[in-house]
file query.txt (compact mmCIF, C-alpha atoms)
# COMPACT_ATOMS: atom_id res chain seq x y z
CA MET A 171 0.00 0.00 0.00
CA ASN A 172 1.52 3.34 -1.08
CA LYS A 173 1.22 6.60 0.85
CA LEU A 174 -1.83 7.82 -1.10
CA GLN A 175 -3.68 4.53 -0.56
CA HIS A 176 -2.83 4.64 3.14
CA TYR A 177 -4.09 8.23 3.35
CA GLN A 178 -7.32 7.33 1.53
CA LYS A 179 -7.95 4.47 3.93
CA TYR A 180 -7.51 6.68 7.01
CA LYS A 181 -8.50 9.97 5.40
CA PHE A 182 -11.05 11.04 8.03
CA ARG A 183 -8.66 10.34 10.90
CA TYR A 184 -5.90 12.37 9.26
CA GLU A 185 -8.29 15.25 8.67
CA VAL A 186 -9.47 15.31 12.30
CA VAL A 187 -5.90 15.12 13.64
CA ALA A 188 -4.69 17.88 11.27
CA ILE A 189 -7.54 20.23 12.26
CA PHE A 190 -7.03 19.47 15.95
CA CYS A 191 -3.27 20.13 15.77
CA TYR A 192 -3.75 23.39 13.86
CA LEU A 193 -6.34 24.71 16.34
CA LEU A 194 -4.24 23.55 19.29
CA ILE A 195 -1.09 25.30 18.10
CA ASN A 196 -2.98 28.43 17.07
CA SER A 197 -4.75 28.62 20.44
CA VAL A 198 -1.50 28.26 22.38
CA ILE A 199 0.14 31.01 20.31
CA LEU A 200 -2.81 33.39 20.78
CA ALA A 201 -3.12 32.68 24.51
CA THR A 202 0.59 33.21 25.18
CA SER A 203 0.48 36.39 23.07
CA VAL A 204 -2.30 37.76 25.30
CA ILE A 205 -0.23 36.97 28.40
CA MET A 206 2.93 38.56 26.96
CA GLU A 207 1.09 41.72 25.90
CA ALA A 208 -0.53 42.02 29.33
CA ASN A 209 2.83 41.62 31.08
CA ARG A 210 4.31 44.38 28.92
CA SER A 211 1.56 46.73 30.12
CA GLY A 212 2.11 45.91 33.78
CA GLU A 213 0.34 43.49 36.08
CA PRO A 214 -2.17 41.30 34.13
CA GLY A 215 -5.77 41.70 35.19
CA PHE A 216 -6.44 37.99 34.87
CA GLN A 217 -5.16 34.65 36.09
CA LEU A 218 -2.65 32.77 33.94
CA TRP A 219 -5.10 30.06 32.87
CA GLU A 220 -7.82 32.43 31.64
CA PRO A 221 -6.38 33.32 28.19
CA PHE A 222 -6.04 29.59 27.48
CA VAL A 223 -9.73 29.09 28.32
CA TRP A 224 -10.69 31.99 26.05
CA GLU A 225 -8.72 30.70 23.08
CA PHE A 226 -9.38 26.99 23.52
CA SER A 227 -13.13 27.54 23.90
CA SER A 228 -13.11 29.43 20.60
CA ALA A 229 -11.10 26.67 18.93
CA MET A 230 -13.42 23.95 20.23
CA ALA A 231 -16.47 25.84 18.95
CA THR A 232 -14.84 26.21 15.53
CA MET A 233 -14.02 22.50 15.33
CA VAL A 234 -17.61 21.58 16.16
CA LEU A 235 -18.86 23.83 13.32
CA ILE A 236 -16.51 22.61 10.56
CA PRO A 237 -18.81 19.67 9.59
CA ALA A 238 -21.61 22.21 9.05
CA CYS A 239 -19.34 24.13 6.65
CA VAL A 240 -18.60 20.91 4.75
CA TRP A 241 -22.34 20.23 4.53
CA LEU A 242 -22.99 23.75 3.23
CA LEU A 243 -20.47 23.36 0.40
CA LYS A 244 -21.81 19.93 -0.57
CA ASN A 245 -25.47 20.92 -0.60
CA HIS A 246 -25.16 24.54 -1.80
CA ALA A 247 -22.22 24.60 -4.18
CA PHE A 248 -21.51 28.15 -5.34
CA ASP A 249 -23.02 28.96 -8.75
CA TRP A 250 -21.98 32.17 -10.55
CA ALA A 251 -25.19 32.06 -12.60
CA LYS A 252 -27.17 32.58 -9.39
CA ILE A 253 -24.67 34.76 -7.57
CA LYS A 254 -27.21 36.95 -5.74
CA ILE A 255 -29.00 33.94 -4.27
CA PHE A 256 -25.79 32.29 -3.19
CA VAL A 257 -24.32 35.45 -1.69
CA ALA A 258 -27.49 35.71 0.41
CA ILE A 259 -27.25 32.03 1.42
CA TYR A 260 -23.59 32.28 2.41
CA LEU A 261 -24.04 35.60 4.22
CA PHE A 262 -26.93 34.18 6.24
CA SER A 263 -24.85 31.06 6.91
CA SER A 264 -21.99 33.22 8.18
CA LEU A 265 -24.37 34.84 10.68
CA LEU A 266 -25.52 31.42 11.87
CA PHE A 267 -21.89 30.29 12.05
CA SER A 268 -20.95 33.28 14.21
CA LEU A 269 -24.00 32.93 16.45
CA ALA A 270 -23.34 29.22 17.03
CA HIS A 271 -19.64 29.92 17.59
CA VAL A 272 -20.41 32.53 20.26
CA VAL A 273 -23.03 30.38 22.01
CA ILE A 274 -20.75 27.30 22.21
CA MET A 275 -17.71 29.38 23.16
CA VAL A 276 -19.47 31.29 25.95
CA ALA A 277 -21.09 28.09 27.27
CA ILE A 278 -17.67 26.44 27.60
CA ARG A 279 -16.19 29.50 29.31
CA LYS A 280 -19.04 29.79 31.77
CA LEU A 281 -18.72 26.09 32.61
CA VAL A 282 -14.98 26.38 33.25
CA TYR A 283 -15.35 29.57 35.31
CA TRP A 284 -18.18 27.97 37.29
CA SER A 285 -15.89 25.00 38.09
CA GLN A 286 -13.45 27.53 39.57
CA ALA A 287 -16.21 29.24 41.61
CA LEU A 288 -15.96 32.31 39.36
CA ASP A 289 -18.39 34.10 37.08
CA TYR A 290 -17.65 34.71 33.38
CA ASN A 291 -19.03 37.98 32.01
CA PHE A 292 -19.25 38.09 28.21
CA GLY A 293 -20.12 41.80 28.22
CA ASP A 294 -22.76 43.70 26.28
CA ILE A 295 -24.28 41.03 24.02
CA TRP A 296 -24.78 43.21 20.92
CA ILE A 297 -21.39 44.91 21.02
CA GLU A 298 -19.58 41.66 21.74
CA PHE A 299 -21.48 39.77 19.03
CA PHE A 300 -20.58 42.41 16.44
CA TYR A 301 -16.97 42.20 17.62
CA GLU A 302 -16.99 38.39 17.27
CA PHE A 303 -18.83 38.46 13.93
CA ARG A 304 -16.06 40.55 12.35
CA LYS A 305 -13.57 37.80 13.21
CA ASP A 306 -15.94 34.90 12.56
CA LEU A 307 -16.78 36.16 9.07
CA TRP A 308 -13.15 35.87 7.99
CA SER A 309 -12.81 32.52 9.75
CA PHE A 310 -15.92 31.32 7.91
CA ILE A 311 -14.55 32.45 4.53
CA PHE A 312 -11.13 30.91 5.25
CA ILE A 313 -12.68 27.57 6.26
CA LEU A 314 -14.79 27.42 3.08
CA LEU A 315 -11.84 28.31 0.84
CA PHE A 316 -9.62 25.79 2.61
CA ILE A 317 -12.20 22.99 2.25
CA LYS A 318 -12.61 23.74 -1.47
CA GLY A 319 -8.86 23.92 -2.04
CA TYR A 320 -8.22 20.77 -0.06
CA GLY A 321 -10.96 18.91 -1.94
CA PHE A 322 -9.55 20.05 -5.28
CA ILE A 323 -6.05 18.80 -4.44
CA VAL A 324 -7.28 15.44 -3.12
CA SER A 325 -9.51 14.88 -6.16
CA ARG A 326 -6.55 15.49 -8.47
CA LEU A 327 -4.36 13.08 -6.54
CA GLN A 328 -6.85 10.22 -6.28
CA GLY A 329 -8.48 10.70 -9.66
CA GLU A 330 -12.15 10.82 -10.66
CA ALA A 331 -13.98 8.00 -12.43
CA ASN A 332 -16.53 8.48 -15.20
CA PRO A 333 -18.56 5.68 -16.79
CA ILE A 334 -17.82 4.59 -20.34
CA ALA A 335 -21.31 3.75 -21.58
CA VAL A 336 -22.22 0.85 -23.82
CA GLY A 337 -23.76 2.22 -27.02
CA GLU A 338 -24.44 5.80 -28.02
CA GLU A 339 -27.75 6.61 -26.32
CA GLU A 340 -27.45 8.58 -23.12
CA SER A 341 -29.58 7.56 -20.15
CA ILE A 342 -29.24 7.74 -16.40
CA THR A 343 -29.96 3.98 -16.29
CA GLN A 344 -27.64 3.07 -19.18
CA ARG A 345 -25.45 0.05 -18.51
CA PHE A 346 -21.67 0.37 -18.59
CA ASP A 347 -18.86 -2.05 -17.81
CA ARG A 348 -15.81 0.21 -17.75
CA LEU A 349 -14.76 3.43 -16.04
CA LEU A 350 -12.41 6.12 -17.34
CA VAL A 351 -10.26 7.44 -14.49
CA LYS A 352 -8.52 10.81 -14.88
CA LYS A 353 -5.65 11.30 -12.49
CA LEU A 354 -2.86 13.93 -12.57
CA GLY A 355 -3.25 14.51 -16.30
CA LYS A 356 -3.33 10.78 -17.12
CA GLU A 357 -6.23 8.52 -18.08
CA PHE A 358 -6.69 4.81 -17.55
CA ILE A 359 -9.47 2.22 -17.69
CA VAL A 360 -10.97 0.35 -14.72
CA LYS A 361 -13.42 -2.54 -15.15
CA VAL A 362 -16.68 -2.39 -13.20
CA GLU A 363 -16.24 -6.02 -12.15
CA GLU A 364 -13.13 -4.94 -10.20
CA ILE A 365 -15.18 -2.71 -7.87
CA GLU A 366 -15.28 -4.33 -4.42
CA TRP A 367 -17.76 -2.01 -2.71
CA LEU A 368 -19.33 1.43 -3.11
CA GLU A 369 -19.77 4.19 -0.54
CA SER A 370 -22.10 7.18 -0.74
CA SER A 371 -20.36 10.51 -0.07
CA GLY A 372 -22.53 13.58 -0.67
CA ASN A 373 -22.85 14.21 -4.40
CA TYR A 374 -20.30 11.49 -5.11
CA VAL A 375 -19.99 7.74 -4.77
CA ASN A 376 -16.58 6.43 -3.73
CA LEU A 377 -15.59 3.29 -5.64
CA HIS A 378 -13.31 0.99 -3.62
CA ILE A 379 -11.06 -0.96 -5.98
CA LYS A 380 -8.01 -2.93 -4.80
CA GLU A 381 -7.33 -0.60 -1.83
CA ARG A 382 -7.78 2.46 -4.03
CA ILE A 383 -10.69 4.90 -3.86
CA TYR A 384 -12.09 6.64 -6.93
CA PRO A 385 -14.96 9.15 -6.61
CA THR A 386 -17.59 9.37 -9.34
CA ARG A 387 -20.21 12.11 -9.55
CA SER A 388 -23.45 10.19 -9.03
CA THR A 389 -25.91 9.06 -6.38
CA LEU A 390 -25.71 5.54 -5.03
CA THR A 391 -29.27 4.83 -6.21
CA GLN A 392 -28.49 5.94 -9.75
CA LEU A 393 -25.20 4.06 -9.94
CA ILE A 394 -26.62 0.79 -8.61
CA SER A 395 -29.43 0.93 -11.19
CA GLN A 396 -26.71 0.95 -13.87
CA ILE A 397 -24.54 -1.89 -12.56
CA GLU A 398 -27.00 -4.07 -10.60
CA GLU A 399 -27.15 -6.69 -13.37
CA GLN A 400 -23.38 -7.12 -13.09
CA GLY A 401 -23.62 -8.53 -9.57
CA PHE A 402 -23.92 -5.44 -7.38
CA CYS A 403 -26.39 -5.00 -4.56
CA ARG A 404 -27.21 -2.19 -2.16
CA ILE A 405 -27.08 -3.39 1.46
CA HIS A 406 -27.29 -0.08 3.31
CA ARG A 407 -28.38 3.49 2.59
CA SER A 408 -24.69 4.44 2.46
CA HIS A 409 -23.04 1.51 0.69
CA ALA A 410 -23.36 -1.36 -1.78
CA ILE A 411 -21.21 -4.38 -2.57
CA ASN A 412 -20.01 -6.64 -5.35
CA LEU A 413 -21.70 -9.98 -4.56
CA ASN A 414 -18.73 -11.85 -6.01
CA ASN A 415 -16.52 -10.48 -3.21
CA ILE A 416 -18.53 -11.81 -0.24
CA GLU A 417 -16.60 -14.03 2.14
CA SER A 418 -19.16 -14.48 4.94
CA ILE A 419 -22.43 -13.17 6.40
CA THR A 420 -22.98 -12.92 10.17
CA PRO A 421 -26.51 -12.26 11.58
CA LEU A 422 -26.75 -9.78 14.47
CA SER A 423 -29.20 -9.72 17.37
CA SER A 424 -30.56 -6.37 16.12
CA GLY A 425 -31.90 -7.99 12.97
CA ASP A 426 -29.14 -6.55 10.82
CA SER A 427 -26.18 -8.58 9.58
CA GLU A 428 -22.49 -8.07 8.94
CA VAL A 429 -21.11 -8.82 5.50
CA LYS A 430 -17.39 -9.57 5.32
CA LEU A 431 -15.67 -9.13 1.96
CA ASP A 432 -12.70 -11.19 0.83
CA ASN A 433 -10.47 -8.12 1.31
CA GLY A 434 -11.31 -8.12 5.03
CA LYS A 435 -13.74 -5.18 4.91
CA VAL A 436 -16.84 -5.63 7.13
CA LEU A 437 -20.03 -3.77 6.18
CA ASN A 438 -23.48 -3.56 7.75
CA LEU A 439 -26.40 -5.25 5.99
CA SER A 440 -29.48 -3.26 6.98
CA ARG A 441 -32.82 -4.99 7.54
CA ARG A 442 -34.33 -2.64 4.97
CA TYR A 443 -32.22 -4.17 2.18
CA LYS A 444 -32.04 -7.77 3.45
CA ASP A 445 -34.85 -9.19 1.27
CA ALA A 446 -33.46 -7.65 -1.93
CA PHE A 447 -30.01 -8.89 -0.96
CA LYS A 448 -31.23 -12.47 -0.43
CA SER A 449 -33.14 -12.46 -3.72
CA GLN A 450 -29.98 -11.51 -5.62
CA LEU A 451 -27.98 -14.27 -3.97
CA MET A 452 -30.43 -16.94 -5.19

call {"tool": "encode", "arguments": {"input": "query.txt", "output": "structure tokens"}}
result
Amino acid sequence: MNKLQHYQKYKFRYEVVAIFCYLLINSVILATSVIMEANRSGEPGFQLWEPFVWEFSSAMATMVLIPACVWLLKNHAFDWAKIKIFVAIYLFSSLLFSLAHVVIMVAIRKLVYWSQALDYNFGDIWIEFFYEFRKDLWSFIFILLFIKGYGFIVSRLQGEANPIAVGEEESITQRFDRLLVKKLGKEFIVKVEEIEWLESSGNYVNLHIKERIYPTRSTLTQLISQIEEQGFCRIHRSHAINLNNIESITPLSSGDSEVKLDNGKVLNLSRRYKDAFKSQLM
């Protein structure tokens, strides 16, 4: 397994760790800067731990809100043809982002101060919210730009798969047996029969092929309708499998089952899809 394959396999973990480390380092730098500036001006009007609470509470609130930013970009991708509508959507979202950030941040601070038998005073709510919104707006824009840039780089590294249809007629249910993968300026062919399992990811479906992951712009429902006859079956709202790759099936007390593939991957077979799954095995 090369470095890219390893990263794809543990992509979410790497992302969480990277965000956590960035916010941790940034918070420490900001907190120590507050302490140093206060010492330059004379005796600080706060205890040594307080700046760390201020900065870490802000960082924790930001980390909680990052998934919402990812959701916003996936479900409301910016469209220049409707720029007025999208500016309104993103401006309103920035207000919600700032409001949520302030609420979470203040709640954490009050809890910490309460544990120390102290009272945290946020100040005049309107003045302080305007003060925070100025900073949160730029944080919001930076987060969105970073997510888009990061996604662009990752997509270029891992490649994107597009179906090569059989015949000339175009249809959303048209059968295909090959995929054209574009990666770093190169193109190569992947056979559908080589797909081990499929995973829904927003507006994309991730195709898992020999420890590699290739995204294709489609819904899982649409894609399965095109390749179902080639031995593929949906077993969960979020994933489907190649029936030829099943190693074992283990019933669970909940009524669901676990399906183990011959590559070692274990996936949940939901009760909702169990009947359709059994009918395809017969």

call {"tool": "closest_residue", "arguments": {"input": "query.txt", "among": "A:Glu302, A:Asp445, A:Glu185, A:Glu369", "to": "Ile394 of chain A", "atoms": "all atoms listed in the file"}}
result
A:Glu369

call {"tool": "closest_residue", "arguments": {"input": "query.txt", "among": "A:Trp241, A:Phe226, A:Tyr384, A:Tyr184", "to": "Gly372 of chain A", "atoms": "only C-alpha atoms"}}
result
A:Trp241

call {"tool": "residues_around", "arguments": {"input": "query.txt", "residues": "Ser309 of chain A", "least_positions_apart": "2", "cutoff": "12 Å", "atoms": "only C-alpha atoms", "output": "ChimeraX atom specification"}}
result
/A:228-229,231-233,235-236,239,264-265,267-268,271,302-307,311-316

call {"tool": "closest_residue", "arguments": {"input": "query.txt", "among": "A:Leu393, A:Ala251, A:Leu413, A:Val187", "to": "Ser449 of chain A", "atoms": "all atoms listed in the file"}}
result
A:Leu413

call {"tool": "residues_around", "arguments": {"input": "query.txt", "residues": "Leu368 of chain A", "least_positions_apart": "3", "cutoff": "10 Å", "atoms": "only C-alpha atoms", "output": "tab-separated table (two decimals) with C-alpha atoms, in the coordinates of the input"}}
result
chain	number	residue	atom	x	y	z
A	365	ILE	CA	-15.18	-2.71	-7.87
A	371	SER	CA	-20.36	10.51	-0.07
A	375	VAL	CA	-19.99	7.74	-4.77
A	376	ASN	CA	-16.58	6.43	-3.73
A	377	LEU	CA	-15.59	3.29	-5.64
A	378	HIS	CA	-13.31	0.99	-3.62
A	379	ILE	CA	-11.06	-0.96	-5.98
A	383	ILE	CA	-10.69	4.90	-3.86
A	384	TYR	CA	-12.09	6.64	-6.93
A	385	PRO	CA	-14.96	9.15	-6.61
A	390	LEU	CA	-25.71	5.54	-5.03
A	393	LEU	CA	-25.20	4.06	-9.94
A	394	ILE	CA	-26.62	0.79	-8.61
A	402	PHE	CA	-23.92	-5.44	-7.38
A	403	CYS	CA	-26.39	-5.00	-4.56
A	404	ARG	CA	-27.21	-2.19	-2.16
A	408	SER	CA	-24.69	4.44	2.46
A	409	HIS	CA	-23.04	1.51	0.69
A	410	ALA	CA	-23.36	-1.36	-1.78
A	411	ILE	CA	-21.21	-4.38	-2.57
A	412	ASN	CA	-20.01	-6.64	-5.35

call {"tool": "atom_distance", "arguments": {"input": "query.txt", "atom1": "atom CA of Ser418 of chain A", "atom2": "atom CA of Gln396 of chain A"}}
result
25.5 Å

call {"tool": "closest_residue", "arguments": {"input": "query.txt", "among": "A:Phe346, A:Leu218, A:Met206, A:His246", "to": "Ala258 of chain A", "atoms": "all atoms listed in the file"}}
result
A:His246

call {"tool": "closest_residue", "arguments": {"input": "query.txt", "among": "A:Ala208, A:Tyr374, A:Val282, A:Glu213", "to": "Asn245 of chain A", "atoms": "all atoms listed in the file"}}
result
A:Tyr374

call {"tool": "closest_residue", "arguments": {"input": "query.txt", "among": "A:Ala188, A:Ser395, A:Trp367, A:Lys444", "to": "Leu431 of chain A", "atoms": "all atoms listed in the file"}}
result
A:Trp367

call {"tool": "atom_distance", "arguments": {"input": "query.txt", "atom1": "atom CA of Leu451 of chain A", "atom2": "atom CA of Thr420 of chain A"}}
result
15.1 Å

call {"tool": "axis_aligned_box", "arguments": {"input": "query.txt", "around": "segment 386-405 of chain A", "padding_each_side": "5 Å", "output": "JSON"}}
result
{"center_x": -23.5, "center_y": 1.8, "center_z": -6.2, "size_x": 21.8, "size_y": 30.6, "size_z": 25.3}

call {"tool": "atom_distance", "arguments": {"input": "query.txt", "atom1": "atom CA of Gln286 of chain A", "atom2": "atom CA of Tyr192 of chain A"}}
result
27.8 Å
